[in-house]
Structures are given as structure tokens and as C-alpha cells.
>>> print(open('work11.txt').read())   # compact mmCIF, C-alpha atoms
# COMPACT_ATOMS: atom_id res chain seq x y z
CA MET C 1 12.95 -42.49 -39.06
CA SER C 2 11.28 -40.07 -41.26
CA TYR C 3 9.12 -37.24 -40.12
CA GLU C 4 6.43 -35.85 -42.28
CA HIS C 5 5.82 -32.15 -42.04
CA GLU C 6 2.21 -31.18 -42.14
CA PRO C 7 1.43 -27.53 -42.62
CA ILE C 8 0.29 -25.84 -39.45
CA SER C 9 -2.33 -23.19 -39.84
CA PRO C 10 -1.54 -20.01 -37.91
CA MET C 11 -3.80 -19.05 -35.02
CA PHE C 12 -3.62 -15.42 -35.99
CA ARG C 13 -2.05 -13.51 -38.79
CA ILE C 14 0.57 -10.80 -38.49
CA ASP C 15 1.00 -8.59 -41.49
CA VAL C 16 4.55 -7.30 -41.77
CA SER C 17 4.25 -5.86 -45.23
CA ALA C 18 5.11 -2.25 -45.95
CA ASP C 19 1.56 -1.58 -47.17
CA GLY C 20 0.20 -1.28 -43.64
CA GLU C 21 -2.30 -3.25 -41.71
CA SER C 22 -4.89 -5.54 -43.09
CA GLU C 23 -8.56 -4.58 -42.88
CA ALA C 24 -9.14 -6.86 -39.90
CA GLY C 25 -6.12 -5.43 -38.13
CA GLN C 26 -7.28 -1.90 -38.85
CA GLY C 27 -10.70 -2.63 -37.37
CA GLN C 28 -9.19 -4.07 -34.22
CA GLN C 29 -6.75 -1.17 -33.93
CA SER C 30 -9.57 1.32 -34.42
CA ASP C 31 -11.65 -0.35 -31.69
CA ALA C 32 -8.66 -0.32 -29.34
CA ASN C 33 -8.03 3.36 -30.07
CA HIS C 34 -11.66 4.25 -29.38
CA THR C 35 -11.63 2.25 -26.14
CA ALA C 36 -8.41 3.92 -24.98
CA LEU C 37 -9.76 7.34 -25.92
CA ASP C 38 -13.02 6.67 -24.06
CA LEU C 39 -11.10 5.56 -20.97
CA LEU C 40 -8.85 8.61 -21.08
CA THR C 41 -11.87 10.88 -21.47
CA GLU C 42 -13.50 9.27 -18.43
CA LEU C 43 -10.27 9.66 -16.44
CA VAL C 44 -10.04 13.36 -17.31
CA ALA C 45 -13.70 13.90 -16.35
CA GLY C 46 -13.17 12.08 -13.06
CA GLN C 47 -10.04 14.10 -12.33
CA LYS C 48 -11.89 17.36 -13.02
CA GLN C 49 -14.68 16.35 -10.64
CA GLN C 50 -12.16 15.37 -7.97
CA ASN C 51 -10.38 18.73 -8.35
CA ARG C 52 -13.68 20.58 -8.02
CA LEU C 53 -14.56 18.66 -4.86
CA LEU C 54 -11.13 19.30 -3.37
CA GLU C 55 -11.46 23.02 -4.08
CA GLU C 56 -14.85 23.06 -2.32
CA LEU C 57 -13.35 21.23 0.65
CA VAL C 58 -10.47 23.71 0.88
CA HIS C 59 -12.87 26.66 0.71
CA GLN C 60 -15.00 25.17 3.51
CA GLN C 61 -11.90 24.54 5.65
CA VAL C 62 -10.61 28.08 5.09
CA ALA C 63 -14.00 29.55 5.98
CA ALA C 64 -14.19 27.49 9.19
CA ASN C 65 -10.65 28.51 10.17
CA LYS C 66 -11.39 32.19 9.52
CA GLN C 67 -14.55 31.99 11.62
CA ARG C 68 -12.69 30.27 14.43
CA ALA C 69 -9.89 32.86 14.34
CA THR C 70 -12.42 35.69 14.37
CA GLU C 71 -14.25 34.20 17.37
CA LEU C 72 -10.98 33.65 19.22
CA GLN C 73 -9.89 37.23 18.56
CA GLN C 74 -13.26 38.51 19.76
CA TRP C 75 -12.81 36.51 22.98
CA LYS C 76 -9.31 37.92 23.45
CA ASN C 77 -10.58 41.47 22.87
CA ALA C 78 -13.40 40.93 25.39
CA ASN C 79 -11.04 39.38 27.96
CA PRO C 80 -7.62 41.06 27.55
CA GLU C 81 -6.55 40.47 31.15
CA LEU C 82 -7.48 36.79 31.01
CA ALA C 83 -5.66 36.44 27.68
CA ARG C 84 -2.53 37.92 29.32
CA SER C 85 -2.91 35.53 32.26
CA CYS C 86 -3.24 32.61 29.85
CA ARG C 87 -0.04 33.68 28.09
CA GLN C 88 1.84 33.85 31.42
CA ALA C 89 0.44 30.50 32.51
CA ALA C 90 1.44 28.97 29.17
CA GLU C 91 5.00 30.25 29.60
CA THR C 92 5.17 28.75 33.10
CA LEU C 93 3.69 25.43 31.98
CA SER C 94 6.13 25.38 29.09
CA ARG C 95 9.00 25.44 31.57
CA VAL C 96 7.26 22.72 33.61
CA GLN C 97 6.83 20.67 30.46
CA THR C 98 10.51 21.04 29.64
CA GLN C 99 11.48 19.77 33.10
CA PHE C 100 8.97 16.94 32.80
CA LEU C 101 10.41 15.91 29.42
CA ASP C 102 13.91 16.04 30.89
CA THR C 103 12.81 13.68 33.69
CA LEU C 104 11.05 11.43 31.19
CA THR C 105 14.09 11.15 28.89
CA GLU C 106 16.39 10.44 31.85
CA GLU C 107 14.03 7.67 32.95
CA ILE C 108 14.12 6.20 29.45
CA ALA C 109 17.91 6.32 29.33
CA ASP C 110 18.22 4.73 32.77
CA SER C 111 15.67 1.98 32.03
CA GLU C 112 16.39 1.34 28.37
CA GLU C 113 17.27 -2.31 28.79
CA HIS C 114 14.23 -3.09 30.96
CA LEU C 115 11.87 -1.17 28.67
CA VAL C 116 13.05 -3.04 25.59
CA GLU C 117 13.05 -6.48 27.18
CA GLY C 118 9.97 -6.39 29.36
CA GLU C 119 6.46 -5.50 28.40
CA TYR C 120 5.55 -5.05 32.07
CA MET C 121 8.16 -2.31 32.52
CA LEU C 122 7.03 -0.60 29.32
CA ASN C 123 3.41 -0.65 30.49
CA GLU C 124 4.44 0.77 33.86
CA PHE C 125 6.41 3.52 32.15
CA VAL C 126 3.51 4.46 29.86
CA ASP C 127 1.05 4.38 32.79
CA ARG C 128 3.36 6.59 34.82
CA PHE C 129 4.20 9.22 32.21
CA GLY C 130 1.64 8.92 29.41
CA PRO C 131 -1.53 10.43 30.90
CA ARG C 132 0.34 13.25 32.60
CA LEU C 133 2.15 14.13 29.37
CA ALA C 134 -1.05 14.02 27.33
CA HIS C 135 -2.98 16.21 29.77
CA LEU C 136 -0.11 18.64 30.19
CA ASN C 137 0.18 19.00 26.40
CA GLY C 138 -3.57 19.60 26.08
CA VAL C 139 -3.69 22.26 28.81
CA LEU C 140 -0.58 23.94 27.43
CA GLN C 141 -2.03 24.02 23.93
CA VAL C 142 -5.26 25.67 25.13
CA LEU C 143 -3.44 28.24 27.24
CA ALA C 144 -0.98 29.04 24.47
CA GLN C 145 -3.79 29.53 21.97
CA LEU C 146 -5.88 31.70 24.28
CA GLY C 147 -2.85 33.71 25.31
CA SER C 148 -1.27 34.20 21.92
CA SER C 149 -0.97 37.76 20.68
CA ASP C 150 -1.39 36.74 17.02
CA PRO C 151 -4.95 37.46 15.84
CA ASN C 152 -4.77 34.57 13.34
CA SER C 153 -3.84 31.89 15.86
>>> encode(input="work11.txt", output="C-alpha cells")
Amino acid sequence: MSYEHEPISPMFRIDVSADGESEAGQGQQSDANHTALDLLTELVAGQKQQNRLLEELVHQQVAANKQRATELQQWKNANPELARSCRQAAETLSRVQTQFLDTLTEEIADSEEHLVEGEYMLNEFVDRFGPRLAHLNGVLQVLAQLGSSDPNS
């Protein structure tokens, strides 16, 4: 069997000569460079805008926090005895919370197998301890904040 070799025309041309790229290759490369440069310019502009917006957001957040701290300090100055009472109540509730967490962790340790295996037991556990823990944490947080001696709290 004899095979005849017919010349195959290349689909595209690659110039590997030392002279550089052909005119067509230079045009394509130039277009690609301009496209990449345009995209990078757009990315930089977008990043600058995002940075500006983030700075504005931070300034707004700082201003709101300063206003809140000022108002809280004014309340504490107007109600020093109540602020002291809040601090004492927060210290007491903190001890209560510690005991509550101790009871909760003991319950978990004692019921580990049932909690892992049964959804009913897990639901019962969450129903029993969850709301009380959430409310206790909320009350403690308010009392601690109102009773704190730090003017920036």
C-alpha cells in the first residue's frame, strides 16, 4: 500500500523567527494588550470606588458608636445610683449564669448518648435550656453595659 502525502495547509501561522512577530501577530497582540490594559484600568477604578464606599461606611459606623457611647455616658451621669445597682445586679447574674452553665454542661455530659441519637431528646434539651439561656444572656448584657464604669462602653 502506498500513501500519498498531500500538503496540509495550516489553520494559523506561528512565526518563530528571530525577527519578531508578523504584522498580523503584532496587531492581535496590540489589541490584546489594549483590552488587558482597559480591564485593569476598570478594575483599579472599581477598587478605588469600593475603598471610598468602605471608608464612608466606617466613618458612619464610628459616628454612630460615638453618639451611642455619649448618650450612654449621659444616662450614667444622670443616674449614678441606678448605674451602680445595674453593675451589682450584673455581677450577681454573672454568678447565676455561671451556675446555670455548669448545670447545662453536666446535663449534656450525662445525656450525651441520648442527645446524639435522638432528635426528640435534643429538642427537649433545647426547649428546656435555650430560651432561659438566651434571655439570661440578654438581661446580663444590658445590665453589664448600663453598669459599666467605662465611658466608652
>>> atom_distance(input="work11.txt", atom1="CA of Arg68 in chain C", atom2="CA of Thr92 in chain C")
25.9 Å
>>> atom_distance(input="work11.txt", atom1="CA of Gly147 in chain C", atom2="CA of Lys76 in chain C")
7.9 Å
>>> atom_distance(input="work11.txt", atom1="CA of Arg132 in chain C", atom2="CA of Gln97 in chain C")
10.1 Å
>>> residues_around(input="work11.txt", residues="range 102-107 of chain C", least_positions_apart="2", cutoff="10 Å", atoms="all atoms listed in the file", output="PyMOL selection string")
chain C and resi 96-100+109-112+125+128-130+133
>>> residues_around(input="work11.txt", residues="Leu146 in chain C", least_positions_apart="3", cutoff="8 Å", atoms="only C-alpha atoms", output="CSV table (one decimal) with C-alpha atoms, in the frame of the given file")
chain,number,residue,atom,x,y,z
C,72,LEU,CA,-11.0,33.6,19.2
C,76,LYS,CA,-9.3,37.9,23.4
C,83,ALA,CA,-5.7,36.4,27.7
C,86,CYS,CA,-3.2,32.6,29.8
C,87,ARG,CA,0.0,33.7,28.1
C,142,VAL,CA,-5.3,25.7,25.1
C,143,LEU,CA,-3.4,28.2,27.2
>>> axis_aligned_box(input="work11.txt", around="range 70-74 of chain C", padding_each_side="6 Å", output="JSON")
{"center_x": -12.1, "center_y": 36.1, "center_z": 17.1, "size_x": 16.4, "size_y": 16.9, "size_z": 17.4}
>>> residues_around(input="work11.txt", residues="range 139-141 of chain C", least_positions_apart="6", cutoff="8 Å", atoms="only C-alpha atoms", output="list in words")
Ala90, Leu93 and Ser94 of chain C
>>> write_last_selection(input="work11.txt", atoms="C-alpha atoms", output="PDB file, keeping the file's coordinate frame")
ATOM      1  CA  ALA C  90       1.440  28.970  29.170  1.00  0.00           C
ATOM      2  CA  LEU C  93       3.690  25.430  31.980  1.00  0.00           C
ATOM      3  CA  SER C  94       6.130  25.380  29.090  1.00  0.00           C
TER       4      SER C  94
END
>>> closest_residue(input="work11.txt", among="C:Ser148, C:Asn33, C:Asn123, C:Gln50", to="Ala89 in chain C", atoms="only C-alpha atoms")
C:Ser148
